[in-house]
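Read the structure below first, then the notes.
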2 protein chains.
Amino acid sequence: MFILNETHDPARRSWIETANRAGSDFPIQNLPFCMFYRAGQVARPGVAIGDTILDLVEAAELNLLGEHIGPTLHDCIGTGLNSLMRLDRGILSNLRKQLSNLLSASGGEGEGHRERLLVRRDDVALCLPAAIGAFTDFFTSLHHTERGGRVTRPDNPVPPNFRYMPIAYNSRASSVRVSGEGVRRPNGQWRKEDGTVQFGPTEALDFELELGAFVGKGNELGSPIPIGSAEDHIFGYCLLNDWSARDIQRWESFPLGPFLSKSLSTSISPFVVTSEALAPFRVAALKRPDGDPAPLPYLHCDSDQRLGGIDLSMEALIQTAKMRDSNEPPFRVTRTNFKEMYWTVAQMLAHHTSNGCNLAAGDLIGSGTASGSADESRACLSEIAAGGRPVDLPNGESRVWLHDGDVVVFRARAERDGCVSIGFGECQGRVLQARA
Amino acid sequence: MFILNETHDPARRSWIETANRAGSDFPIQNLPFCMFYRAGQVARPGVAIGDTILDLVEAAELNLLGEHIGPTLHDCIGTGLNSLMRLDRGILSNLRKQLSNLLSASGGEGEGHRERLLVRRDDVALCLPAAIGAFTDFFTSLHHTERGGRVTRPDNPVPPNFRYMPIAYNSRASSVRVSGEGVRRPNGQWRKEDGTVQFGPTEALDFELELGAFVGKGNELGSPIPIGSAEDHIFGYCLLNDWSARDIQRWESFPLGPFLSKSLSTSISPFVVTSEALAPFRVAALKRPDGDPAPLPYLHCDSDQRLGGIDLSMEALIQTAKMRDSNEPPFRVTRTNFKEMYWTVAQMLAHHTSNGCNLAAGDLIGSGTASGSADESRACLSEIAAGGRPVDLPNGESRVWLHDGDVVVFRARAERDGCVSIGFGECQGRVLQARA
């Protein structure tokens with residue numbers, strides 16, 4: 001785990017005023033990375049601060065980031081943050097210090113180069129933060145598992161392996177898209193209640209509120225990452241909407257798991273909040289319910305038990321086309337917290353590589369639907385509406401599944417007494433009509 | 001489908017004598033692509049012919065392959081055949097004609113440049129033919145499905161969706177390795193018969209004999225590939241060993257499908273036999289058993305029904321360490337034919353993209369275990385030994401599962417009266433001891 005240092009100092013403020021506003025997602029204590037581009041130009045690496053983005057390549061060219069980081073940042077141009085992600089933690093930690101000092105209100109050198117270094121976030125477009133080589137989706141909420149299982153396996157809702165391993169499947173990396181891109185309702189095959197099998201637009205499109213983790217330094221095939229060092233291999237985090245077509249999923253998933261019900265598209269937020277920025281918000285791993293088995297040795301280490309959790313509140317909101325037309329804001333349908341997850345991210349990574357499977361910088365790990373124990377923390381529509389209770393929206397509309405034109409918005413925020421809270425920005429996507 | 005032309009002419013012979021030998025895998029009618037390198041050099045694209053490899057970059061530099069292909073072949077250096085794979089079929093077909101003419105015994109221009117163009121296959125190393133962006137594994141043999149299902153679901157061995165769709169899952173691309181690389185026995189978690197859950201080296205390591213298909217031209221997210229043009233998106237084929245740890249697989253797969261039981265490693269043969277080379281060996285799609293549903297319209301077209309099958313005999317052989325020590329050759333344990341598959345490759349591709357999922361050049365599609373109806377065509381050990389009958393080897397050894405030191409060899413050959421038969425080369429791998 002990272003040690004807290006001056007970059008986490010709650011007293012530190014930036015010469016960029018919007019970063020100091022209460023409730024800003026991007027105060028100087030955050031410094032998440034992204035890839036951005038100006039119209040007609042190629043994407044380049046940046047850091048979000050207040051309502052602006054710091055151009056990392058310009059900062060390196062001005063020699064503001066130390067001697068050695070320039071070539072790495074150049075490698076990112078037009079490709080993604082992968083080269084940065086695979087650096088050693090010590091180097092990344094130094095870069096964070098340099099950036100924090102540069103942007104600090106107490107003598108930060110950057111201010112004199114404001115014009116060259118900064119772009120307004122509204123003046124640029126954001127793209128996927130990395131070239132995603134692989135996308136693995138886990139299943140880490142006991143509550144999501146249990147609520148889902150009650151429908152299909154009422155006698156035994158939690159699969160027997162769930163308490164022994166962080167279950168996962170390989171999902172599709174090629175269809176991961178950045179927040180803001182439309183999500184086309186997929187066509188697909190499923191069996192109707194009368195037993196006929198048909199092909200057409202899904203009638204059960206859902207969102208899944210998840211945390212995404214980007215792998216930093218990878219491992220070689222045949223060399224597992226031990227639980228004790230798994231944290232060192234996580235570069236940072238984003239929000240992830242694992243759009244799911246439930247009718248297609250139900251029909252296709254046995255025996256090989258979800259496939260086309262997921263690969264229609266996956267949305268992620270453009271900002272990668274680093275592991276180091278989240279250090280003040282780490283908490284103990286979830287205390288397992290009495291009677292649950294202890295994690296096997298390859299999934300257990302003291303530091304992970306002590307600090308493997310993340311106290312991160314997450315929410316999902318829906319805004320229908322009608323709400324947009326009448327300027328009603330998105331309505332919150334879920335509020336949950338990542339600290340309620342059954343498995344830690346380090347456990348996921350240790351399990352993933354326990355057979356020798358090789359991960360690489362830029363690989364994306366999804367947590368699975370981050371539902372908590374409370375009703376309000378059900379983090380997908382299939383959980384919310386499972387009891388036949390649709391989501392009631394303030395304008396009188398209601399939803400069992402998503403309609404065309406609906407926008408789903410995710411937000412997340414880490415807060416703690418004595419700390420400056422940090423946010424993730426938004427992950428959002430609008431449902432588009434199916435292809436004819 | 002490709003039209004037969006002079007490159008398929010059975011009378012055509014090469015000035016490379018080893019290509020004309022009866023039983024050669026690589027006669028002038030084949031011309032499979034590969035990536036090879038000389039010691040200390042970077043990998044470059046080549047074509048196998050007899051016991052040599054034609055250096056494509058040299059051929060382009062000598063202006064022997066037409067004007068336009070040079071830059072594409074240069075793009076392949078150090079990366080893989082992806083740039084070649086994504087070319088239009090017309091261009092690929094022209095390249096095949098140029099290569100065939102160049103190597104033809106009747107006045108092929110290449111002979112004068114023999115020294116510069118050719119390397120002996122034994123003098124170079126072969127590597128993965130492409131940068132594999134994604135690896136999808138299907139489940140296309142009814143017989144494999146049925147035999148597997150009899151163990152776990154005796155009343156209903158074939159899942160209800162099997163006859164409606166080519167079932168598939170996303171597998172792991174990063175752990176795909178070229179033939180010849182060792183395969184380390186993975187550690188993993190499973191439940192023993194007494195109910196205890198343990199972590200350790202798999203005790204049920206298996207092979208799966210599959211055909212691999214490389215995607216050529218891809219599609220955009222949201223734009224499905226219709227069944228009628230799906231064939232145009234397949235660049236070519238290889239052999240694929242989907243090594244599987246059955247104990248891990250049984251425990252982890254419910255409900256999200258196989259994961260670590262597969263990502264330990266996947267071996268493929270280094271030569272990509274093009275769709276055009278296989279044109280003479282196309283046959284009708286399998287006639288479905290009476291009473292099976294007709295494919296839904298998105299999975300049906302006349303040309304695919306008429307020529308979607310591939311008459312390709314495939315075999316798996318085992319050579320134990322003891323057999324190697326006493327110079328006994330590998331022993332054949334499986335002989336099957338791809339024409340017995342329930343779904344065609346075009347149906348797999350049309351299904352894969354039916355929800356809009358985007359594929360790209362270099363994506364790898366596995367057929368799933370290619371078992372046929374006959375007992376001798378059971379294409380993995382779990383089918384062969386399911387009745388408690390281990391494989392008896394000629395030296396008195398026997399196998400239920402693979403032992404450390406066992407080498408598994410796959411071969412395949414397309415044969416037809418009036419045609420020169422073509423082969424795939426070998427896909428082989430030796431089982432290495434688990435990590436301590």
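A note on labels: chains of the structure tokens are A, B, ... as shown, every chain counts residues from 1, and ligands are counted from 1 in their shown order.
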
Self-check item: Contact residues (chain B, partner chain A, 7 Å, only C-alpha atoms) as a PyMOL selection string
Solution: chain B and resi 133+161+167-172+174-175+184+186-188+221-222+251-252+255-260+263-264+354-358

Only C-alpha atoms, please: the residues just picked out, written as a compact mmCIF listing (two decimals), in the first residue's frame.
# COMPACT_ATOMS: atom_id res chain seq x y z
CA GLY B 133 -6.30 -9.05 -30.01
CA ASN B 161 -29.40 -23.56 -26.57
CA ILE B 167 -22.34 -21.24 -28.05
CA ALA B 168 -19.08 -19.48 -27.23
CA TYR B 169 -17.12 -17.72 -24.53
CA ASN B 170 -14.35 -15.17 -24.53
CA SER B 171 -11.10 -16.92 -23.76
CA ARG B 172 -7.72 -15.37 -22.94
CA SER B 174 -2.52 -13.11 -23.82
CA SER B 175 -1.67 -16.73 -23.02
CA ARG B 184 3.25 -25.47 -17.44
CA PRO B 186 -1.20 -24.85 -13.59
CA ASN B 187 -1.98 -24.54 -9.94
CA GLY B 188 -5.59 -23.94 -9.21
CA LEU B 221 -18.89 -1.84 -33.25
CA GLY B 222 -22.62 -1.85 -33.98
CA TRP B 251 -15.34 -26.08 -9.85
CA GLU B 252 -14.96 -22.59 -11.32
CA PRO B 255 -22.15 -19.61 -13.35
CA LEU B 256 -19.74 -17.54 -15.47
CA GLY B 257 -18.01 -20.17 -17.59
CA PRO B 258 -14.45 -21.49 -17.87
CA PHE B 259 -11.68 -19.07 -16.83
CA LEU B 260 -8.41 -20.19 -15.19
CA SER B 263 -6.00 -19.36 -19.57
CA LEU B 264 -3.02 -21.41 -18.42
CA SER B 354 -24.97 -10.34 -34.35
CA ASN B 355 -25.14 -8.03 -31.30
CA GLY B 356 -22.82 -5.54 -32.99
CA CYS B 357 -19.62 -6.84 -31.34
CA ASN B 358 -16.58 -5.71 -33.29

Self-check item: Residue neighbourhood Gln98 in chain A, 10 Å, only C-alpha atoms, exclusion window fewer than 3 positions, as a PyMOL selection string
Solution: chain A and resi 7+64-66+92-95+101-104+108

Quiz item: Could you pull out all residues of range 209-304 of chain B with a DSSP call of alpha helix (DSSP H) and give them as a ChimeraX atom specification?
Solution: /B:246-252,302-304
